[in-house]
Amino acid sequence: MPAFADSPRRIEGRRWPIPRMHAVPRQLAIAWAVVVALVLFRSALMVFRRQLAFDSDQAVTGLMAKHLIEGRAFPLFMYGQNSLLAVEAWMAAPMFLLFGVSVAALKLPLLFINLAVGFLLVTLIHRELGVGAGLALVASLFFVLAPPGTTAALLAASGGNVEPFLYILLLWLTRRRPVWFGLILGVGFLQREFTVYGALAVVAIELANGAWRRRADWQRGFAALGVAAAVWLTAQFLRQFASAAGPGTGPEALQLRMNNNVLEALQRFCFDPGAVAGGLARLVTFHWPRLFGTARLPVAPFGLESTATQGLAWSGLALGALMLLCIARIAVHAQARGTWWKQYEFCGYLVLVGALSATIFAASRCGDVRVMRYDLLSLLGAVGLAAWALAVESRPWIRRAEIALIVFWTVVSAAAHVQIWAEYTGHPYVADKILIIRHLEARNIKYATADYWIAYYVTFLTNERIVVAAYDFPRIATDEDQIDAHRAQAIDISRKPCGDVKPIFEGVYFCPPR
C-alpha cells in the first residue's frame, strides 16, 4: 500500500499532487490504544512514584542531565567509565528544563521508548506478516505487559536497557539504507553493545537470501559499517572534551582513561567451555523464569520498593509448553513449504536476536546468569516465535490454544502489577532512603559520606541540596571535593554501629565523618 495518494490541486495554473496520508486501519488503531493502556498500566507507578523503582545508578544519570542543563559538565559516557553513551542524560535534559529535576522527568523519555517499541512490534508484525492487528498485539504482549521485575529494568535510567529494543527494530527498518543503518548501529553500540545482535541477525538473513552473491549488497554493507565506525571514532575523539567524572573533570579523571566500550566489554567477557552447559541450563531454570515473571518471587530483589510478589507456581510449564508448541507448528509448516521462512523474515529476525542474546549471555560469563539486564532481548525472541506460530497456524483450535497460553501468561504478569497498584494507591510504606533524607533535612545536614547505593540516591533526590559522596565506588569527583572542604560539618551514613551512636532507625546510623 503506498504511503501517499495523489490528489490534484491547481496552483497558479498548474496541477500539483497533494500528499494525503491513508487513514490508519481501525483494527490497528485499537491495537495501538491497547498498547498505550497496557504500557501505562505496567509503567506509570514506576515513573511517577519516585521511590518505587529508583536507585543510585539511575541517580547518576539524573545528576549528569542536571549538570548538563546547568552548563557545568559535558557528559559523553556515564560518569566514571568509558562505556554506556550518555543518551539517557541527554534525553532527560530537556525534560528537566520543561518539568524540573525529578525521577518522573528522568524516566519520561524511557516511557516514550517503551511505547514506541510496543507500537513498532504490533505494526511490523501486522504489516510484514499480513496478520490481523489483534494477533500482532497478542504476540507482542511479552514486551507490552512485561512482569514488574522486567518492567523495572525497561524503565531504569541506568545506561541503556530498553534502548537496544528500539535500535534493533530500527535496524530492521533501515536495512536497505546504509547511512541510517550505520548511524543507528554506531550510536546503539556505543550506548549498549547488545545492539550488535541486531546487525548480526540482519547479516544472517541477508546472507540466507543470497546477498553474498550481489555486489550491491556488499557495497551497502561496507558503507553501513563505515558509517558505524565513523560514529565510534567520533565518540573517541569527543572523549577528550567530555566530563568523565563530573563537573570540572576530563578523561584524566579515569584510572583506565585509555579504555573504550569495546575493551570494557572484553574485560567483562568470561568464557569457560566447561561452564557453558551449566550456563545454558541456568538460562532455562533461573534466568528466563525471572525475566518472564513465571517464578514466584518477591519483587524487592529486582530493585522495587514493594512487598508484592510476581509469578505463579508451575506457570513456567505453561510458558514452556507454549514455546515448544510454537516451535513444533513452525517446523510442521516448514516441512510443507519450500520457501517457508521468507514471508516471515521479521519473525526470524526477532528470534535470531533473542537467541544470540540468550546464548551469548549464558556462554560469555562463565555460566553466571544472575544479572538479568544482560539478556532482556530474549523478550524479542518470544515475541517473534509467538507471532510466527500464530501467522502460520492453519488449525483454529491450535491457534486458540496458543492464544490461551499467552493470555494465561499475561494474566499472571498483570496480577503482580495489580498488587503493586493496590499497595501504592493504599498506604505504601516509606523507603529507608527516603527516611534518611528526612532525617538529614530535619538535622540540617548538607554534607555526608555513604556507600554508593545511598550516596547518589540522596544527592539526586535532594537536588544536590545535600551532597553525599560515595566512599566505596565514587563516580563524581566534585562531591568528594565538597566533603573535604566541609569535613567539620559532614557525617557518615553507616549501615553498621559506630561507638555509642544510636540508630536513626533500624540498621542506619549517623556517625562521625570518616
# chains A, B, ... in the order shown; residues from 1 in each chain; ligands from 1
call {"tool": "select_by_dssp", "arguments": {"residues": "region 407-474 of chain A", "states": "alpha helix (DSSP H)", "output": "PyMOL selection string"}}
result
chain A and resi 407-424+432-442+452-461
call {"tool": "select_by_dssp", "arguments": {"residues": "region 164-351 of chain A", "states": "strand (DSSP E)", "output": "list in words"}}
result
Leu297, Pro298, Thr309 and Gln310 of chain A
call {"tool": "closest_residue", "arguments": {"among": "A:Ile125, A:Ala157, A:Leu297, A:Leu108", "to": "Trp388 (chain A)", "atoms": "only C-alpha atoms"}}
result
A:Ile125
call {"tool": "residues_around", "arguments": {"residues": "region 492-507 of chain A", "least_positions_apart": "5", "cutoff": "6 Å", "atoms": "only C-alpha atoms", "output": "JSON, numbers by chain"}}
result
{"A": [448, 449, 450, 512, 513]}
call {"tool": "residues_around", "arguments": {"residues": "Val202 (chain A)", "least_positions_apart": "5", "cutoff": "8 Å", "atoms": "only C-alpha atoms", "output": "number ranges by chain"}}
result
A: 171-172, 175, 349
call {"tool": "write_last_selection", "arguments": {"atoms": "all heavy atoms", "output": "PDB file, in the first residue's frame"}}
result
ATOM      1  N   LEU A 171      17.006  -0.936  13.102  1.00  0.00           N
ATOM      2  CA  LEU A 171      17.961  -1.568  12.195  1.00  0.00           C
ATOM      3  C   LEU A 171      17.231  -2.390  11.134  1.00  0.00           C
ATOM      4  O   LEU A 171      17.633  -2.422   9.965  1.00  0.00           O
ATOM      5  CB  LEU A 171      18.930  -2.460  12.974  1.00  0.00           C
ATOM      6  CG  LEU A 171      20.005  -1.746  13.805  1.00  0.00           C
ATOM      7  CD1 LEU A 171      20.827  -2.757  14.595  1.00  0.00           C
ATOM      8  CD2 LEU A 171      20.926  -0.909  12.919  1.00  0.00           C
ATOM      9  N   TRP A 172      16.167  -3.051  11.541  1.00  0.00           N
ATOM     10  CA  TRP A 172      15.391  -3.823  10.564  1.00  0.00           C
ATOM     11  C   TRP A 172      14.760  -2.897   9.526  1.00  0.00           C
ATOM     12  O   TRP A 172      14.790  -3.165   8.323  1.00  0.00           O
ATOM     13  CB  TRP A 172      14.312  -4.631  11.276  1.00  0.00           C
ATOM     14  CG  TRP A 172      13.424  -5.388  10.337  1.00  0.00           C
ATOM     15  CD1 TRP A 172      12.164  -5.066   9.936  1.00  0.00           C
ATOM     16  CD2 TRP A 172      13.768  -6.600   9.650  1.00  0.00           C
ATOM     17  NE1 TRP A 172      11.687  -5.996   9.055  1.00  0.00           N
ATOM     18  CE2 TRP A 172      12.651  -6.955   8.856  1.00  0.00           C
ATOM     19  CE3 TRP A 172      14.887  -7.419   9.633  1.00  0.00           C
ATOM     20  CZ2 TRP A 172      12.631  -8.083   8.060  1.00  0.00           C
ATOM     21  CZ3 TRP A 172      14.878  -8.559   8.843  1.00  0.00           C
ATOM     22  CH2 TRP A 172      13.762  -8.879   8.057  1.00  0.00           C
ATOM     23  N   ARG A 175      17.486  -1.478   6.989  1.00  0.00           N
ATOM     24  CA  ARG A 175      18.494  -2.423   6.497  1.00  0.00           C
ATOM     25  C   ARG A 175      18.839  -2.199   5.024  1.00  0.00           C
ATOM     26  O   ARG A 175      19.852  -2.712   4.545  1.00  0.00           O
ATOM     27  CB  ARG A 175      18.020  -3.860   6.726  1.00  0.00           C
ATOM     28  CG  ARG A 175      16.785  -4.268   5.950  1.00  0.00           C
ATOM     29  CD  ARG A 175      16.230  -5.582   6.480  1.00  0.00           C
ATOM     30  NE  ARG A 175      15.103  -6.089   5.699  1.00  0.00           N
ATOM     31  CZ  ARG A 175      13.863  -5.634   5.809  1.00  0.00           C
ATOM     32  NH1 ARG A 175      13.587  -4.639   6.653  1.00  0.00           N
ATOM     33  NH2 ARG A 175      12.891  -6.164   5.067  1.00  0.00           N
ATOM     34  N   TYR A 349      14.040 -12.706  12.265  1.00  0.00           N
ATOM     35  CA  TYR A 349      14.959 -11.684  12.786  1.00  0.00           C
ATOM     36  C   TYR A 349      14.834 -11.566  14.298  1.00  0.00           C
ATOM     37  O   TYR A 349      15.842 -11.578  15.027  1.00  0.00           O
ATOM     38  CB  TYR A 349      14.639 -10.360  12.107  1.00  0.00           C
ATOM     39  CG  TYR A 349      15.409  -9.168  12.619  1.00  0.00           C
ATOM     40  CD1 TYR A 349      16.776  -9.049  12.409  1.00  0.00           C
ATOM     41  CD2 TYR A 349      14.752  -8.138  13.292  1.00  0.00           C
ATOM     42  CE1 TYR A 349      17.478  -7.933  12.857  1.00  0.00           C
ATOM     43  CE2 TYR A 349      15.434  -7.022  13.738  1.00  0.00           C
ATOM     44  CZ  TYR A 349      16.802  -6.921  13.523  1.00  0.00           C
ATOM     45  OH  TYR A 349      17.486  -5.828  13.980  1.00  0.00           O
TER      46      TYR A 349
END
